[in-house]
>>> print(open('structure-v1.txt').read())   # compact mmCIF, C-alpha atoms and all ligand atoms
# COMPACT_ATOMS: atom_id res chain seq x y z
CA MET Z 243 -44.17 28.62 -13.48
CA LEU Z 244 -42.80 26.14 -10.99
CA ASP Z 245 -42.54 22.60 -12.37
CA LEU Z 246 -43.71 20.90 -9.19
CA ALA Z 247 -43.08 17.35 -10.42
CA SER Z 248 -39.42 18.09 -11.13
CA VAL Z 249 -39.08 20.06 -7.88
CA ARG Z 250 -40.44 17.15 -5.84
CA ALA Z 251 -38.26 14.65 -7.69
CA ALA Z 252 -35.21 16.59 -6.46
CA PHE Z 253 -36.09 15.71 -2.84
CA PRO Z 254 -35.86 11.91 -2.32
CA ALA Z 255 -37.63 12.06 1.07
CA LEU Z 256 -40.84 13.32 -0.57
CA ALA Z 257 -41.29 10.01 -2.38
CA GLU Z 258 -42.21 8.34 0.92
CA GLY Z 259 -45.66 9.94 1.04
CA PHE Z 260 -45.30 11.88 4.31
CA THR Z 261 -46.47 15.51 4.17
CA TYR Z 262 -43.86 17.90 5.50
CA PHE Z 263 -45.47 21.02 6.96
CA ASP Z 264 -42.79 21.76 9.58
CA ASN Z 265 -40.38 23.27 7.09
CA ALA Z 266 -39.66 26.36 9.17
CA GLY Z 267 -38.14 23.90 11.64
CA GLY Z 268 -36.05 22.32 8.91
CA SER Z 269 -36.65 21.58 5.24
CA GLN Z 270 -36.05 18.33 3.43
CA THR Z 271 -32.64 17.92 1.82
CA LEU Z 272 -31.93 17.94 -1.89
CA GLY Z 273 -30.64 14.66 -3.31
CA VAL Z 274 -27.79 16.54 -4.98
CA VAL Z 275 -26.68 17.91 -1.59
CA ALA Z 276 -26.65 14.44 0.01
CA ASN Z 277 -24.72 13.03 -2.97
CA ARG Z 278 -22.09 15.73 -2.71
CA ILE Z 279 -21.56 15.15 1.01
CA ARG Z 280 -21.21 11.42 0.44
CA ASP Z 281 -18.80 11.93 -2.44
CA TYR Z 282 -16.67 14.36 -0.47
CA LEU Z 283 -16.35 11.93 2.42
CA LEU Z 284 -15.57 8.97 0.19
CA THR Z 285 -13.11 10.63 -2.20
CA THR Z 286 -11.59 13.84 -0.78
CA ASN Z 287 -11.79 13.56 3.00
CA VAL Z 288 -8.32 14.86 3.86
CA GLN Z 289 -6.96 17.85 5.74
CA LEU Z 290 -6.87 21.05 3.68
CA GLY Z 291 -3.76 23.06 2.93
CA ALA Z 292 -1.33 20.18 2.39
CA SER Z 293 0.87 19.97 -0.71
CA TYR Z 294 -0.47 16.66 -2.07
CA ALA Z 295 -3.01 16.50 -4.90
CA ILE Z 296 -6.08 15.27 -2.97
CA SER Z 297 -5.67 18.08 -0.47
CA HIS Z 298 -5.68 20.58 -3.34
CA ALA Z 299 -8.83 18.99 -4.75
CA ALA Z 300 -10.53 19.07 -1.34
CA GLY Z 301 -9.56 22.71 -0.87
CA GLU Z 302 -11.06 23.61 -4.22
CA ARG Z 303 -14.31 21.81 -3.34
CA VAL Z 304 -14.65 23.69 -0.05
CA ALA Z 305 -13.80 26.99 -1.73
CA GLU Z 306 -16.45 26.28 -4.38
CA GLY Z 307 -19.12 25.89 -1.67
CA ALA Z 308 -18.06 29.14 -0.01
CA ARG Z 309 -18.02 31.03 -3.34
CA GLY Z 310 -21.49 29.65 -4.08
CA ALA Z 311 -22.80 30.93 -0.74
CA ALA Z 312 -21.43 34.41 -1.48
CA SER Z 313 -23.00 34.49 -4.90
CA PHE Z 314 -26.33 33.09 -3.56
CA VAL Z 315 -26.79 36.28 -1.51
CA ASN Z 316 -25.01 38.51 -4.04
CA ALA Z 317 -22.14 39.36 -1.70
CA ALA Z 318 -19.47 41.48 -3.37
CA ASP Z 319 -16.71 39.08 -2.35
CA PRO Z 320 -16.48 35.50 -0.95
CA SER Z 321 -14.45 36.81 1.99
CA GLU Z 322 -17.65 38.47 3.24
CA VAL Z 323 -19.19 35.08 4.08
CA VAL Z 324 -18.44 33.41 7.41
CA LEU Z 325 -19.53 29.77 7.50
CA GLY Z 326 -20.42 27.91 10.67
CA SER Z 327 -22.55 25.21 12.22
CA SER Z 328 -25.74 27.18 12.94
CA THR Z 329 -27.24 30.63 13.06
CA THR Z 330 -27.21 30.51 16.86
CA GLN Z 331 -23.48 29.77 16.88
CA LEU Z 332 -22.64 32.40 14.26
CA LEU Z 333 -24.50 35.13 16.13
CA GLN Z 334 -22.82 34.15 19.42
CA ASN Z 335 -19.50 34.39 17.58
CA LEU Z 336 -20.41 37.76 16.08
CA ALA Z 337 -21.28 39.19 19.50
CA LEU Z 338 -18.01 37.81 20.89
CA ALA Z 339 -16.04 39.36 18.03
CA MET Z 340 -17.80 42.72 18.37
CA ALA Z 341 -17.59 42.95 22.16
CA PRO Z 342 -14.07 44.45 22.42
CA SER Z 343 -15.15 47.38 20.23
CA LEU Z 344 -18.12 48.24 22.47
CA SER Z 345 -17.80 50.63 25.40
CA PRO Z 346 -20.01 50.82 28.49
CA GLY Z 347 -23.02 52.95 27.58
CA ASP Z 348 -23.03 51.91 23.93
CA GLU Z 349 -26.51 50.79 22.92
CA ILE Z 350 -27.86 47.78 21.04
CA ILE Z 351 -31.51 47.36 20.08
CA VAL Z 352 -33.16 43.93 19.87
CA THR Z 353 -36.80 43.06 19.18
CA ASP Z 354 -39.37 41.09 21.14
CA CYS Z 355 -40.38 39.04 18.09
CA ASP Z 356 -37.12 37.47 16.90
CA HIS Z 357 -35.99 33.91 17.47
CA GLU Z 358 -33.80 34.04 20.59
CA ALA Z 359 -30.69 33.50 18.42
CA ASN Z 360 -30.69 37.21 17.49
CA ILE Z 361 -31.56 38.43 20.99
CA GLY Z 362 -29.67 36.38 23.59
CA PRO Z 363 -26.08 37.03 22.40
CA TRP Z 364 -26.75 40.79 22.39
CA ARG Z 365 -28.48 40.81 25.77
CA ARG Z 366 -25.48 38.99 27.24
CA LEU Z 367 -23.36 42.06 26.40
CA GLU Z 368 -25.21 43.90 29.18
CA ALA Z 369 -22.68 42.29 31.54
CA ARG Z 370 -20.03 44.48 29.83
CA GLY Z 371 -22.03 47.67 30.37
CA VAL Z 372 -23.75 47.70 26.96
CA VAL Z 373 -27.29 49.09 27.18
CA VAL Z 374 -29.79 46.78 25.46
CA LYS Z 375 -33.15 48.21 24.46
CA GLU Z 376 -36.23 46.38 23.17
CA TRP Z 377 -38.05 47.27 19.94
CA ARG Z 378 -41.55 45.95 20.56
CA ILE Z 379 -44.01 44.94 17.92
CA SER Z 380 -47.06 46.94 18.85
CA THR Z 381 -49.07 46.01 15.76
CA LEU Z 382 -47.57 42.58 15.03
CA ARG Z 383 -45.31 44.48 12.62
CA LEU Z 384 -42.00 46.22 13.29
CA GLU Z 385 -42.86 49.91 13.02
CA LEU Z 386 -40.22 52.61 12.49
CA SER Z 387 -42.29 54.89 14.72
CA ASP Z 388 -41.60 52.44 17.59
CA LEU Z 389 -37.88 52.30 16.73
CA GLU Z 390 -37.32 56.03 16.43
CA PRO Z 391 -37.55 56.92 20.17
CA LEU Z 392 -35.11 54.10 21.01
CA MET Z 393 -32.32 55.42 18.77
CA THR Z 394 -29.69 57.75 20.26
CA PRO Z 395 -26.19 58.83 19.19
CA ARG Z 396 -24.92 55.86 21.29
CA THR Z 397 -26.90 53.28 19.25
CA ARG Z 398 -24.38 50.95 17.60
CA LEU Z 399 -26.49 48.07 16.31
CA VAL Z 400 -30.14 47.23 15.59
CA CYS Z 401 -30.94 43.50 15.45
CA PHE Z 402 -34.14 42.27 13.84
CA THR Z 403 -35.59 39.56 11.67
CA HIS Z 404 -36.37 39.52 7.95
CA ALA Z 405 -39.40 37.25 8.38
CA SER Z 406 -40.98 35.96 11.58
CA ASN Z 407 -40.50 32.22 12.11
CA VAL Z 408 -43.87 32.16 13.89
CA ILE Z 409 -46.26 34.49 12.10
CA GLY Z 410 -44.52 34.63 8.72
CA SER Z 411 -44.68 38.40 8.25
CA ILE Z 412 -41.93 39.97 6.14
CA HIS Z 413 -40.27 43.07 7.52
CA PRO Z 414 -39.06 45.86 5.20
CA VAL Z 415 -35.33 45.29 5.69
CA ALA Z 416 -34.08 47.83 3.14
CA GLU Z 417 -36.26 50.57 4.61
CA ILE Z 418 -35.32 49.78 8.22
CA THR Z 419 -31.64 49.62 7.25
CA ARG Z 420 -31.77 53.05 5.57
CA PHE Z 421 -33.41 54.46 8.70
CA VAL Z 422 -30.77 52.94 10.99
CA HIS Z 423 -27.82 53.95 8.78
CA ALA Z 424 -29.11 57.53 8.65
CA ARG Z 425 -28.72 57.54 12.44
CA GLY Z 426 -25.18 56.16 12.36
CA ALA Z 427 -25.80 52.58 13.49
CA GLN Z 428 -25.51 49.13 11.88
CA VAL Z 429 -28.04 46.32 11.40
CA CYS Z 430 -27.86 42.59 12.05
CA VAL Z 431 -30.65 40.71 10.29
CA ASP Z 432 -31.80 37.16 10.97
CA GLY Z 433 -32.84 35.79 7.57
CA VAL Z 434 -33.47 32.19 8.66
CA ALA Z 435 -37.25 32.25 8.15
CA TYR Z 436 -36.96 34.23 4.91
CA ALA Z 437 -34.13 32.50 3.05
CA PRO Z 438 -36.06 29.36 1.97
CA HIS Z 439 -38.72 31.51 0.29
CA ARG Z 440 -37.25 34.59 -1.39
CA ARG Z 441 -34.13 35.79 -3.12
CA ILE Z 442 -31.67 37.57 -0.83
CA ASP Z 443 -29.54 40.37 -2.23
CA VAL Z 444 -27.38 41.75 0.55
CA GLN Z 445 -26.09 44.59 -1.62
CA THR Z 446 -29.56 45.83 -2.50
CA LEU Z 447 -30.67 45.51 1.12
CA ASP Z 448 -27.40 47.23 2.16
CA VAL Z 449 -27.38 45.20 5.39
CA ASP Z 450 -24.28 45.14 7.59
CA TYR Z 451 -24.76 41.57 8.84
CA TYR Z 452 -27.19 38.91 7.58
CA VAL Z 453 -27.39 35.33 8.79
CA PHE Z 454 -29.31 32.14 7.95
CA SER Z 455 -29.10 28.35 8.14
CA PHE Z 456 -28.82 25.99 5.18
CA TYR Z 457 -30.80 23.18 6.79
CA LYS Z 458 -33.93 25.31 6.25
CA VAL Z 459 -32.86 26.05 2.66
CA TYR Z 460 -32.84 22.46 1.41
CA GLY Z 461 -29.30 21.71 2.59
CA PRO Z 462 -27.38 20.31 5.58
CA HIS Z 463 -26.86 21.61 9.13
CA ALA Z 464 -24.57 24.49 8.29
CA ALA Z 465 -25.11 28.25 8.31
CA MET Z 466 -23.69 31.45 6.90
CA LEU Z 467 -23.14 34.96 8.20
CA TYR Z 468 -22.68 37.72 5.65
CA GLY Z 469 -20.82 40.80 6.85
CA LYS Z 470 -19.58 43.79 4.88
CA ARG Z 471 -15.86 43.29 4.33
CA GLY Z 472 -14.89 46.47 6.18
CA HIS Z 473 -16.97 45.41 9.19
CA LEU Z 474 -15.47 41.91 9.29
CA LEU Z 475 -11.97 43.39 9.12
CA ALA Z 476 -12.80 45.67 12.07
CA LEU Z 477 -14.10 42.81 14.27
CA SER Z 478 -11.74 41.12 16.72
CA GLY Z 479 -10.62 37.68 15.61
CA ILE Z 480 -11.95 34.74 17.64
CA ASN Z 481 -9.74 32.10 16.03
CA HIS Z 482 -6.19 31.26 17.19
CA GLY Z 483 -4.28 34.37 18.26
CA PHE Z 484 -1.62 34.01 15.58
CA ILE Z 485 -4.16 34.21 12.75
CA GLY Z 486 -3.93 37.76 11.45
CA GLU Z 487 -6.71 40.30 11.88
CA THR Z 488 -6.88 40.77 8.11
CA VAL Z 489 -7.50 37.08 7.42
CA VAL Z 490 -11.24 37.13 6.78
CA PRO Z 491 -13.34 35.08 7.13
CA TYR Z 492 -10.90 32.61 8.75
CA LYS Z 493 -10.26 34.78 11.81
CA LEU Z 494 -14.01 34.44 12.55
CA GLN Z 495 -14.21 30.67 11.96
CA PRO Z 496 -12.72 29.10 15.09
CA GLY Z 497 -12.29 25.38 14.61
CA ASN Z 498 -12.71 26.06 10.91
CA LEU Z 499 -15.75 25.07 8.88
CA ASN Z 500 -17.20 21.68 8.12
CA PHE Z 501 -15.57 20.60 4.85
CA GLU Z 502 -18.09 18.06 3.58
CA LEU Z 503 -21.09 20.22 4.41
CA THR Z 504 -19.52 23.27 2.76
CA TYR Z 505 -19.05 21.25 -0.40
CA GLY Z 506 -22.59 19.93 0.09
CA ILE Z 507 -24.22 23.37 0.11
CA GLY Z 508 -22.96 23.79 -3.44
CA GLY Z 509 -25.82 21.40 -4.32
CA ILE Z 510 -28.36 24.04 -3.22
CA PHE Z 511 -26.93 26.57 -5.65
CA GLU Z 512 -26.76 23.94 -8.40
CA TYR Z 513 -30.48 23.25 -7.81
CA PHE Z 514 -31.39 26.93 -8.12
CA ASP Z 515 -29.27 27.21 -11.27
CA ASP Z 516 -31.22 24.26 -12.71
CA GLN Z 517 -34.48 26.09 -11.91
CA GLY Z 518 -33.45 28.98 -14.18
CA GLY Z 519 -31.22 30.84 -11.71
CA ALA Z 520 -32.04 32.17 -8.25
CA GLU Z 521 -33.89 35.26 -9.53
CA GLN Z 522 -36.33 33.26 -11.67
CA ALA Z 523 -36.58 30.34 -9.25
CA PHE Z 524 -37.55 32.53 -6.31
CA ALA Z 525 -40.09 34.44 -8.41
CA ASP Z 526 -41.75 31.09 -9.26
CA ILE Z 527 -41.45 29.92 -5.66
CA SER Z 528 -43.08 33.04 -4.31
CA ALA Z 529 -46.07 32.72 -6.69
CA HIS Z 530 -46.52 29.03 -5.85
CA GLU Z 531 -46.25 29.65 -2.11
CA GLU Z 532 -48.85 32.42 -2.24
CA ALA Z 533 -51.22 30.01 -3.98
CA LEU Z 534 -50.55 27.37 -1.31
CA ALA Z 535 -51.14 29.78 1.58
CA ALA Z 536 -54.36 31.30 0.23
CA PRO Z 537 -56.76 28.34 0.73
CA LEU Z 538 -55.39 27.50 4.17
CA LEU Z 539 -55.70 31.12 5.34
CA ALA Z 540 -59.21 31.32 3.87
CA PHE Z 541 -60.23 28.11 5.67
CA LEU Z 542 -58.81 29.33 8.98
CA ALA Z 543 -60.48 32.75 8.60
CA ASP Z 544 -63.84 31.03 7.97
CA THR Z 545 -63.58 28.65 10.91
CA LYS Z 546 -65.28 29.84 14.08
CA GLY Z 547 -63.02 30.07 17.12
CA ILE Z 548 -59.77 30.13 15.13
CA ARG Z 549 -57.45 33.13 15.22
CA VAL Z 550 -54.60 33.47 12.73
CA LEU Z 551 -51.72 35.51 14.12
CA GLY Z 552 -50.24 38.19 11.94
CA GLU Z 553 -50.81 38.89 8.28
CA PRO Z 554 -54.26 37.53 7.27
CA THR Z 555 -53.69 37.58 3.50
CA ALA Z 556 -51.47 35.27 1.45
CA ASP Z 557 -49.81 38.23 -0.32
CA ALA Z 558 -46.24 37.09 -1.07
CA ALA Z 559 -44.94 40.63 -0.59
CA LEU Z 560 -46.20 40.64 2.99
CA ARG Z 561 -45.66 37.11 4.24
CA VAL Z 562 -44.03 33.75 3.73
CA PRO Z 563 -46.29 30.67 4.01
CA THR Z 564 -45.46 30.12 7.69
CA ILE Z 565 -48.92 30.24 9.21
CA SER Z 566 -49.68 30.16 12.93
CA PHE Z 567 -53.03 30.01 14.66
CA VAL Z 568 -54.72 29.31 17.97
CA ALA Z 569 -58.15 27.86 18.70
CA ASP Z 570 -60.49 29.12 21.43
CA GLY Z 571 -60.49 26.84 24.43
CA LEU Z 572 -58.01 24.36 22.97
CA ARG Z 573 -54.39 23.73 23.75
CA SER Z 574 -52.31 23.92 20.59
CA GLU Z 575 -50.75 20.56 21.38
CA ALA Z 576 -54.15 18.83 21.21
CA ILE Z 577 -54.68 19.98 17.64
CA VAL Z 578 -51.23 18.91 16.48
CA ARG Z 579 -51.44 15.49 18.14
CA ALA Z 580 -54.78 14.89 16.46
CA VAL Z 581 -53.20 15.63 13.06
CA ASP Z 582 -50.12 13.42 13.66
CA PRO Z 583 -51.77 10.07 12.71
CA HIS Z 584 -52.60 11.47 9.25
CA ARG Z 585 -48.94 11.32 8.24
CA MET Z 586 -48.49 15.08 8.27
CA GLY Z 587 -45.93 17.01 10.26
CA ILE Z 588 -47.25 20.23 11.75
CA ARG Z 589 -46.08 21.59 15.07
CA PHE Z 590 -46.96 23.54 18.22
CA GLY Z 591 -44.91 25.68 20.60
CA ASP Z 592 -43.00 28.95 20.73
CA PHE Z 593 -40.27 27.98 18.24
CA TYR Z 594 -37.74 29.82 20.43
CA ALA Z 595 -39.48 33.13 19.69
CA ARG Z 596 -40.48 32.83 23.33
CA ARG Z 597 -40.70 36.54 23.98
CA LEU Z 598 -43.23 36.90 21.15
CA ILE Z 599 -45.40 34.08 22.48
CA GLU Z 600 -45.27 35.62 25.97
CA ARG Z 601 -46.14 39.05 24.57
CA LEU Z 602 -49.12 37.54 22.75
CA GLY Z 603 -50.24 35.90 26.00
CA LEU Z 604 -50.10 32.43 24.48
CA THR Z 605 -47.86 30.63 26.95
CA ALA Z 606 -50.75 28.91 28.71
CA THR Z 607 -52.16 27.73 25.36
CA GLY Z 608 -48.86 25.94 24.72
CA GLY Z 609 -47.94 28.44 22.03
CA VAL Z 610 -49.36 28.36 18.54
CA VAL Z 611 -50.12 25.69 15.96
CA ARG Z 612 -47.69 26.32 13.10
CA VAL Z 613 -48.08 25.08 9.53
CA SER Z 614 -44.97 26.02 7.60
CA MET Z 615 -44.92 25.34 3.90
CA VAL Z 616 -42.25 25.61 1.23
CA HIS Z 617 -42.29 25.39 -2.54
CA TYR Z 618 -42.20 21.59 -2.73
CA ASN Z 619 -45.57 21.35 -0.99
CA SER Z 620 -48.53 20.72 -3.27
CA HIS Z 621 -52.11 21.95 -3.51
CA GLU Z 622 -53.26 18.37 -2.77
CA GLU Z 623 -51.31 18.38 0.50
CA VAL Z 624 -52.91 21.67 1.56
CA ALA Z 625 -56.38 20.40 0.63
CA ARG Z 626 -55.78 17.24 2.68
CA LEU Z 627 -54.63 19.28 5.70
CA ILE Z 628 -57.78 21.40 5.47
CA ARG Z 629 -59.96 18.25 5.42
CA VAL Z 630 -58.09 16.81 8.41
CA LEU Z 631 -58.35 20.09 10.36
CA GLU Z 632 -62.08 20.34 9.53
CA THR Z 633 -62.80 16.98 11.13
CA THR Z 634 -60.23 17.36 13.89
CA LEU Z 635 -61.46 20.73 15.13
CA VAL Z 636 -65.06 19.50 15.28
CA ARG Z 637 -64.08 16.44 17.35
CA LEU Z 638 -61.83 18.22 19.86
C1 LIG Z 701 -35.88 32.73 12.65
C2 LIG Z 701 -34.86 31.79 13.21
N1 LIG Z 701 -33.68 32.28 13.59
C3 LIG Z 701 -32.71 31.49 14.09
C4 LIG Z 701 -32.91 30.14 14.23
C5 LIG Z 701 -31.80 29.30 14.79
O1 LIG Z 701 -31.15 28.62 13.77
P1 LIG Z 701 -30.07 27.51 14.11
O2 LIG Z 701 -30.84 26.28 14.48
O3 LIG Z 701 -29.30 27.33 12.84
O4 LIG Z 701 -29.25 28.01 15.23
C6 LIG Z 701 -34.12 29.57 13.84
C7 LIG Z 701 -34.37 28.13 14.02
O5 LIG Z 701 -35.47 27.67 14.05
C8 LIG Z 701 -35.12 30.43 13.32
O6 LIG Z 701 -36.32 29.96 12.93
>>> encode(input="structure-v1.txt", output="structure tokens")
Amino acid sequence: MLDLASVRAAFPALAEGFTYFDNAGGSQTLGVVANRIRDYLLTTNVQLGASYAISHAAGERVAEGARGAASFVNAADPSEVVLGSSTTQLLQNLALAMAPSLSPGDEIIVTDCDHEANIGPWRRLEARGVVVKEWRISTLRLELSDLEPLMTPRTRLVCFTHASNVIGSIHPVAEITRFVHARGAQVCVDGVAYAPHRRIDVQTLDVDYYVFSFYKVYGPHAAMLYGKRGHLLALSGINHGFIGETVVPYKLQPGNLNFELTYGIGGIFEYFDDQGGAEQAFADISAHEEALAAPLLAFLADTKGIRVLGEPTADAALRVPTISFVADGLRSEAIVRAVDPHRMGIRFGDFYARRLIERLGLTATGGVVRVSMVHYNSHEEVARLIRVLETTLVRL
């Protein structure tokens, strides 16, 4: 079972008494991560690759962070992990690196429910003659029966999300990937909304590309893109021209990576090791999160005029505790602003899954109200939010 007191003690910001329920926007940062970044800057902040001792030490620290990232997702080799500033940037870079290998008439499939980060870079390839098709969520789930008619022998890549950053539903990545591979194409999965909540094993999922951001996984503003080694080798380099095509991941890291943040992310992996290893830690996290989501979902289901979008149950196999709702006759902003004075951070909007909000017809409502929890949230915090919403919704 999760030891909530020790979990919360690992996040200094939680001691201030504010309730963080906007974690899908960005989680709080582990103390150990902040300490590492500070220590790097104060003791080993030199250029890498020089012959003097501090440069060696700095290089080893950065390499340790990168190795940790590879092992966090169970990549077969550290060279399969490309580090960068954000998921948005890494996916733009991936599209840029893939573009020379695409011919006019090649096809890429994107969804209408992803964050724009995994849609926009692919749609931009239309200017090069790539045909971009849209996999629509007809049932608020990604159905293979909707994907099937879109796939042709020209399909090169299918881009979709592991968990929705708005409605929290988990998509069956391994099953979708098998389906896509059987038809000769690759997958590119956005794991940003999933990574804070569940263990990722890229080898079990057999994904071709998988990307997420560490600032949502208790770390700093940095991100990683996993790619199968053979795929990364086949991509065109986007770094300086003289850097060889076999030099992965460096050929895909223009401007290089951020040294102090790469050392800092090692603190995330240290934290999971301290919680009994990632496998155990995420099993405990998933049980705790399900127990947090259940009372909020039950309250929302029982409240007249409220509609929860997506998966109605708290089942950890089906959803993460990112819960979005709308209220009849109310703008989502009004609800959030009424909650603000209670020292709780919830949020309204489209969260850059703008196509999903448009598809749901919720643009005029100002998008949804989103409550996004993670494992450091407590039952008391959820109970307090329910009390605040009870009084707020009556008054509005
Ligand atoms: C599901 C999802 N994908 C991608 C992103 C973009 O991540 P980044 O800010 O690192 O570019 C976000 C950010 O909110 C997200 O929620």
>>> atom_distance(input="structure-v1.txt", atom1="CA of Gly486 (chain Z)", atom2="CA of Thr329 (chain Z)")
24.4 Å
>>> residues_around(input="structure-v1.txt", residues="Glu532 (chain Z)", least_positions_apart="3", cutoff="9 Å", atoms="all atoms listed in the file", output="MDAnalysis selection string")
chainID Z and resid 527:529 535:536 556:558 561:563
>>> residues_near_ligand(input="structure-v1.txt", ligand="ligand LIG 701 (chain Z)", cutoff="9 Å", atoms="only C-alpha atoms and all ligand atoms", output="NGL selection string")
:Z and (266-268 or 327-333 or 356-360 or 403-408 or 432-436 or 453-458 or 463-465 or 593-595)
>>> residues_around(input="structure-v1.txt", residues="Cys430 (chain Z)", least_positions_apart="4", cutoff="8 Å", atoms="all atoms listed in the file", output="NGL selection string")
:Z and (399-402 or 449-453)
>>> atom_distance(input="structure-v1.txt", atom1="CA of Leu467 (chain Z)", atom2="CA of Ile379 (chain Z)")
25.1 Å
>>> closest_residue(input="structure-v1.txt", among="Z:Ala300, Z:Leu386, Z:Ile577, Z:Leu627", to="Leu283 (chain Z)", atoms="only C-alpha atoms")
Z:Ala300
